[in-house]
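Source file: query.txt (compact mmCIF, C-alpha atoms and all ligand atoms)
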```
# COMPACT_ATOMS: atom_id res chain seq x y z
CA MET A 1 -28.67 139.51 148.95
CA ILE A 2 -27.93 143.15 149.69
CA SER A 3 -28.65 144.21 153.26
CA ALA A 4 -30.50 147.42 153.92
CA ALA A 5 -27.41 149.08 155.41
CA SER A 6 -25.11 148.40 152.49
CA PHE A 7 -26.13 151.21 150.16
CA LYS A 8 -27.04 154.79 150.59
CA TYR A 9 -28.24 156.10 147.29
CA ILE A 10 -30.33 154.78 144.42
CA ASP A 11 -29.63 155.44 140.75
CA ALA A 12 -32.76 153.93 139.21
CA HIS A 13 -31.77 154.60 135.60
CA THR A 14 -28.17 154.61 134.40
CA HIS A 15 -26.44 153.37 131.26
CA ALA A 16 -23.76 151.84 133.46
CA TYR A 17 -22.15 149.80 130.67
CA GLU A 18 -20.84 153.15 129.38
CA TYR A 19 -18.99 153.89 132.63
CA GLU A 20 -15.39 152.92 133.17
CA GLU A 21 -15.01 149.97 135.52
CA LYS A 22 -13.08 152.21 137.91
CA SER A 23 -16.08 154.50 138.30
CA LEU A 24 -18.30 151.50 138.97
CA SER A 25 -15.95 150.25 141.67
CA ASN A 26 -16.26 153.63 143.35
CA TYR A 27 -20.02 153.88 142.89
CA GLU A 28 -20.47 150.43 144.32
CA LYS A 29 -19.52 151.73 147.77
CA GLU A 30 -22.29 154.29 147.97
CA PHE A 31 -24.88 153.53 145.33
CA LEU A 32 -27.18 150.87 144.03
CA LEU A 33 -27.62 151.09 140.28
CA ILE A 34 -30.45 149.96 138.06
CA ALA A 35 -28.47 149.62 134.86
CA VAL A 36 -30.33 149.90 131.56
CA SER A 37 -29.16 148.84 128.11
CA ASP A 38 -29.66 150.32 124.64
CA ASP A 39 -29.63 147.30 122.32
CA ALA A 40 -28.85 143.57 122.26
CA GLU A 41 -25.10 144.11 122.41
CA SER A 42 -25.16 146.50 125.39
CA SER A 43 -27.68 144.20 127.10
CA LYS A 44 -25.01 141.48 127.13
CA ARG A 45 -22.51 143.92 128.58
CA THR A 46 -24.95 145.03 131.28
CA VAL A 47 -25.65 141.44 132.33
CA LYS A 48 -21.92 140.81 132.49
CA LEU A 49 -21.45 143.94 134.63
CA SER A 50 -24.07 142.70 137.07
CA GLU A 51 -22.01 139.55 137.51
CA ASP A 52 -18.90 141.60 138.29
CA PHE A 53 -20.50 144.32 140.43
CA LYS A 54 -22.98 143.41 143.11
CA ALA A 55 -24.41 146.94 143.12
CA VAL A 56 -25.55 146.62 139.53
CA TYR A 57 -29.12 145.49 138.91
CA PRO A 58 -29.38 144.71 135.19
CA CYS A 59 -32.12 145.68 132.74
CA VAL A 60 -31.97 144.47 129.16
CA GLY A 61 -33.72 146.02 126.19
CA ILE A 62 -33.73 148.12 123.04
CA HIS A 63 -33.97 151.89 123.39
CA PRO A 64 -36.75 153.43 121.26
CA TRP A 65 -34.06 155.49 119.48
CA ASN A 66 -32.46 152.24 118.28
CA VAL A 67 -35.40 150.36 116.81
CA SER A 68 -34.49 151.13 113.19
CA ARG A 69 -31.13 149.39 113.56
CA SER A 70 -32.43 146.48 115.66
CA SER A 71 -34.24 143.32 114.57
CA ARG A 72 -36.85 140.85 115.79
CA GLU A 73 -33.92 138.53 116.36
CA ASP A 74 -32.50 141.07 118.83
CA ILE A 75 -35.77 141.03 120.77
CA LYS A 76 -35.52 137.24 120.97
CA THR A 77 -31.93 137.51 122.21
CA ILE A 78 -33.10 139.86 124.94
CA GLU A 79 -35.98 137.61 125.90
CA ASN A 80 -33.54 134.71 126.25
CA MET A 81 -31.45 136.74 128.68
CA LEU A 82 -34.47 137.14 130.96
CA GLU A 83 -35.15 133.42 131.05
CA ASN A 84 -32.35 132.85 133.55
CA SER A 85 -32.80 136.04 135.49
CA GLU A 86 -33.91 135.92 139.10
CA SER A 87 -34.92 139.57 139.00
CA PRO A 88 -36.00 140.38 135.45
CA CYS A 89 -36.01 143.97 134.22
CA LEU A 90 -36.57 145.39 130.74
CA GLY A 91 -35.00 148.75 129.94
CA GLU A 92 -34.46 151.05 128.36
CA VAL A 93 -37.62 150.39 126.38
CA GLY A 94 -40.56 152.61 125.54
CA LEU A 95 -41.75 155.23 123.10
CA ASP A 96 -40.44 158.60 121.94
CA ALA A 97 -42.67 160.75 119.76
CA ARG A 98 -40.45 163.83 120.02
CA MET A 99 -36.92 162.85 119.01
CA HIS A 100 -37.81 160.06 116.58
CA PRO A 101 -41.35 160.47 115.25
CA GLU A 102 -40.23 158.85 111.98
CA THR A 103 -39.83 155.44 113.65
CA PHE A 104 -42.88 155.67 115.89
CA GLU A 105 -44.76 152.79 114.24
CA ARG A 106 -41.76 150.48 114.63
CA GLN A 107 -41.26 151.71 118.21
CA LYS A 108 -44.84 150.67 118.97
CA GLU A 109 -44.26 147.19 117.53
CA PHE A 110 -41.11 146.72 119.59
CA PHE A 111 -42.76 148.05 122.73
CA ALA A 112 -45.72 145.69 122.25
CA SER A 113 -43.30 142.75 122.13
CA PHE A 114 -41.54 143.96 125.26
CA LEU A 115 -44.87 144.24 127.06
CA ASP A 116 -45.65 140.61 126.19
CA ILE A 117 -42.23 139.61 127.53
CA ALA A 118 -42.72 141.71 130.68
CA ARG A 119 -46.00 139.89 131.36
CA GLU A 120 -44.48 136.51 130.78
CA TYR A 121 -41.53 137.05 133.15
CA ASP A 122 -43.14 139.56 135.52
CA ALA A 123 -40.32 141.92 134.61
CA ILE A 124 -39.89 145.49 135.81
CA LEU A 125 -40.16 148.02 132.98
CA ASN A 126 -37.63 150.86 133.00
CA ILE A 127 -39.30 153.13 130.48
CA HIS A 128 -38.64 156.07 128.22
CA THR A 129 -41.88 157.97 127.56
CA LEU A 130 -40.99 161.31 125.92
CA ASP A 131 -44.11 162.90 124.40
CA ALA A 132 -45.83 159.52 124.61
CA TRP A 133 -46.74 159.57 128.28
CA GLU A 134 -50.48 158.92 127.94
CA LEU A 135 -50.05 156.18 125.38
CA VAL A 136 -47.42 154.36 127.43
CA TYR A 137 -49.62 154.56 130.52
CA GLU A 138 -52.59 153.28 128.56
CA LEU A 139 -50.62 150.38 127.06
CA ILE A 140 -49.05 149.20 130.29
CA THR A 141 -52.25 149.38 132.31
CA LYS A 142 -54.17 147.57 129.60
CA LYS A 143 -51.51 144.87 129.65
CA GLU A 144 -51.69 144.77 133.47
CA ILE A 145 -47.99 145.35 133.95
CA ASN A 146 -47.19 145.11 137.65
CA ARG A 147 -43.97 147.10 137.97
CA ALA A 148 -42.71 150.09 136.02
CA ILE A 149 -40.42 153.10 136.37
CA PHE A 150 -41.28 156.17 134.30
CA HIS A 151 -37.75 157.47 133.92
CA TRP A 152 -37.03 161.26 133.95
CA TYR A 153 -40.76 161.93 133.81
CA ASN A 154 -41.75 165.25 132.27
CA GLY A 155 -45.35 164.56 131.31
CA PRO A 156 -48.56 166.09 132.61
CA ILE A 157 -48.82 166.39 136.41
CA GLU A 158 -52.34 164.97 136.42
CA LEU A 159 -51.17 161.86 134.59
CA MET A 160 -48.26 161.50 137.01
CA GLN A 161 -50.73 161.29 139.86
CA LYS A 162 -52.57 158.51 138.04
CA ILE A 163 -49.30 156.73 137.33
CA GLN A 164 -48.30 156.80 140.99
CA GLU A 165 -51.75 155.84 142.23
CA THR A 166 -51.66 152.81 139.94
CA GLY A 167 -48.46 151.80 141.74
CA TYR A 168 -45.85 152.73 139.16
CA TYR A 169 -42.74 154.75 139.97
CA ILE A 170 -41.53 158.14 138.81
CA SER A 171 -37.79 158.67 138.83
CA ILE A 172 -36.38 162.13 139.35
CA ASN A 173 -33.28 162.97 137.37
CA VAL A 174 -30.26 164.77 138.78
CA ALA A 175 -30.96 167.53 136.22
CA LEU A 176 -34.01 168.73 138.21
CA LYS A 177 -32.27 171.97 139.13
CA MET A 178 -31.57 172.71 135.45
CA GLN A 179 -35.04 171.91 134.12
CA LYS A 180 -38.03 173.88 135.37
CA LYS A 181 -40.61 171.33 134.21
CA HIS A 182 -38.82 168.50 135.95
CA GLU A 183 -38.46 170.50 139.14
CA GLU A 184 -42.23 170.97 139.07
CA VAL A 185 -42.65 167.19 138.62
CA ALA A 186 -40.33 166.61 141.59
CA ARG A 187 -42.28 169.07 143.72
CA LYS A 188 -45.63 167.43 142.99
CA ALA A 189 -44.63 163.76 142.96
CA ASP A 190 -45.71 161.50 145.79
CA LEU A 191 -42.75 160.27 147.86
CA LYS A 192 -44.34 156.85 148.13
CA LYS A 193 -43.58 156.02 144.49
CA LEU A 194 -40.45 158.04 143.89
CA LEU A 195 -36.91 157.11 142.87
CA THR A 196 -33.79 159.05 141.88
CA GLU A 197 -31.67 158.58 138.76
CA SER A 198 -28.82 160.07 136.74
CA ASP A 199 -29.39 158.65 133.22
CA GLY A 200 -25.60 158.84 133.26
CA PRO A 201 -23.38 159.13 131.48
CA TYR A 202 -25.47 161.64 129.51
CA ILE A 203 -24.85 165.24 128.49
CA TYR A 204 -27.70 167.60 129.26
CA LYS A 205 -27.37 171.34 128.60
CA GLY A 206 -23.59 170.95 128.52
CA THR A 207 -23.41 169.08 131.85
CA LEU A 208 -22.34 165.45 131.99
CA LEU A 209 -24.92 163.74 134.17
CA LYS A 210 -23.56 160.90 136.25
CA THR A 211 -24.35 158.75 139.25
CA GLU A 212 -22.18 160.71 141.69
CA MET A 213 -24.58 163.69 141.35
CA ILE A 214 -27.34 161.82 143.18
CA PRO A 215 -26.42 162.98 146.72
CA GLU A 216 -26.57 166.61 145.57
CA ALA A 217 -29.92 165.96 143.89
CA ILE A 218 -31.26 164.36 147.08
CA LYS A 219 -30.24 167.46 149.00
CA TYR A 220 -32.14 169.72 146.59
CA LEU A 221 -35.12 167.38 146.41
CA ALA A 222 -35.34 167.28 150.22
CA GLU A 223 -35.32 171.07 150.23
CA ILE A 224 -38.14 171.50 147.72
CA LYS A 225 -40.21 168.78 149.35
CA GLY A 226 -39.64 170.12 152.84
CA VAL A 227 -38.36 166.86 154.30
CA GLY A 228 -35.08 165.83 155.90
CA GLU A 229 -32.28 164.66 153.66
CA ASN A 230 -31.73 161.41 155.56
CA TYR A 231 -35.42 160.69 155.64
CA LEU A 232 -35.63 161.15 151.87
CA ARG A 233 -32.57 159.02 151.18
CA GLU A 234 -33.98 156.18 153.27
CA LYS A 235 -37.43 156.53 151.76
CA ILE A 236 -36.04 156.17 148.24
CA TYR A 237 -33.95 153.25 149.37
CA GLU A 238 -37.07 151.55 150.76
CA ASN A 239 -38.97 152.34 147.57
CA PHE A 240 -36.27 150.62 145.58
CA PHE A 241 -36.61 147.45 147.65
CA ASP A 242 -40.40 147.56 147.43
CA LEU A 243 -40.01 147.65 143.69
CA VAL A 244 -37.37 145.01 143.11
CA LYS A 245 -38.46 142.72 145.97
CA LYS A 246 -35.37 140.63 145.47
CA ILE A 247 -31.92 141.26 144.13
ZN ZN A 301 -31.68 156.50 129.51
```
Before anything else, please render the file you have as structure tokens.
Amino acid sequence: MISAASFKYIDAHTHAYEYEEKSLSNYEKEFLLIAVSDDAESSKRTVKLSEDFKAVYPCVGIHPWNVSRSSREDIKTIENMLENSESPCLGEVGLDARMHPETFERQKEFFASFLDIAREYDAILNIHTLDAWELVYELITKKEINRAIFHWYNGPIELMQKIQETGYYISINVALKMQKKHEEVARKADLKKLLTESDGPYIYKGTLLKTEMIPEAIKYLAEIKGVGENYLREKIYENFFDLVKKI
């Protein structure tokens, strides 16, 4: 059990298995990480990391970009990993109509399986929704999914309000200062269902996004939302615990 005073910042979406262990040891002091995976192999590594680092909260899954090189068997492997999990999370899963429209049908099949699994285990969904925001929202509400994070949300503002009112979370990426649309999302999002994330390690517009950028992002987010930095940090911390309930 992690006490409320142990961590300051939340990284609600990071591919932590790609970090060096040294970085994770450092992050562990200041951050709590929701670590997503990209396929069956990285899911195993993420689960292992969560055993070695108490700050790592593991999510297992197949990224929509990887469906063409993943199998039904891989989905089964991932489902088996959730069976023993006390705090099940599926991620990174979802749909992407922009970067990989050619695999969209297969993405939908995989996502449908992950939704069944999420229902069965009451798992959190850590989701990728690029250019498929409405469809993802429709699918998860129809399936009565209880807990979900729309990671690095850049969809319509009106839909974001619906997402948050339904009780799902929006996570704001550290790139908000570099991306006008995302800054607008951050400005309009309700603090009640908000998280912060890095998606690290990931290169965006020539900048390597990583977990240690979260404090700077909190500072900027506090500024544009007109709230105190400490208040915001604590609010996001509380939001995280409301979402995960147990860790
Ligand atoms: Zn990601």
Original post:
Which is closest to Arg45 (chain A) among A:Tyr17, A:Tyr57, A:Phe31, A:Tyr168, if we use only C-alpha atoms?
Top reply: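 Checking each candidate against Arg45 (chain A), we get A:Tyr17 as the closest.
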Subject >> Selection: 7 Å around region 91-103 of chain A, all atoms listed in the file, excl. self and same-chain fewer than 2 positions, as number ranges by chain >> reply: A: 36-38, 59-65, 68, 89, 105-108, 111, 125-132
**OP:** Just give me the gap between CA of Glu234 (chain A) and CA of Ala123 (chain A) in Å, one decimal is fine.
**Re:**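 Interatomic distance here is 24.3 Å.
Here the question is which of A:Pro58, A:Pro88, A:Pro156, A:Gly200 gets nearest to ligand ZN 301 (chain A) using only C-alpha atoms and all ligand atoms, and that residue is A:Gly200.
The two atoms in question, CA of Lys76 (chain A) and CA of Ile117 (chain A), are spaced 9.7 Å apart.
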Original post:
With distances taken over all atoms listed in the file, which of A:Ile214, A:Phe110, A:Ile34, A:Ser50 is nearest to His13 (chain A)?
Top reply: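 When distances to His13 (chain A) are compared using all atoms listed in the file, the smallest one comes from A:Ile34.
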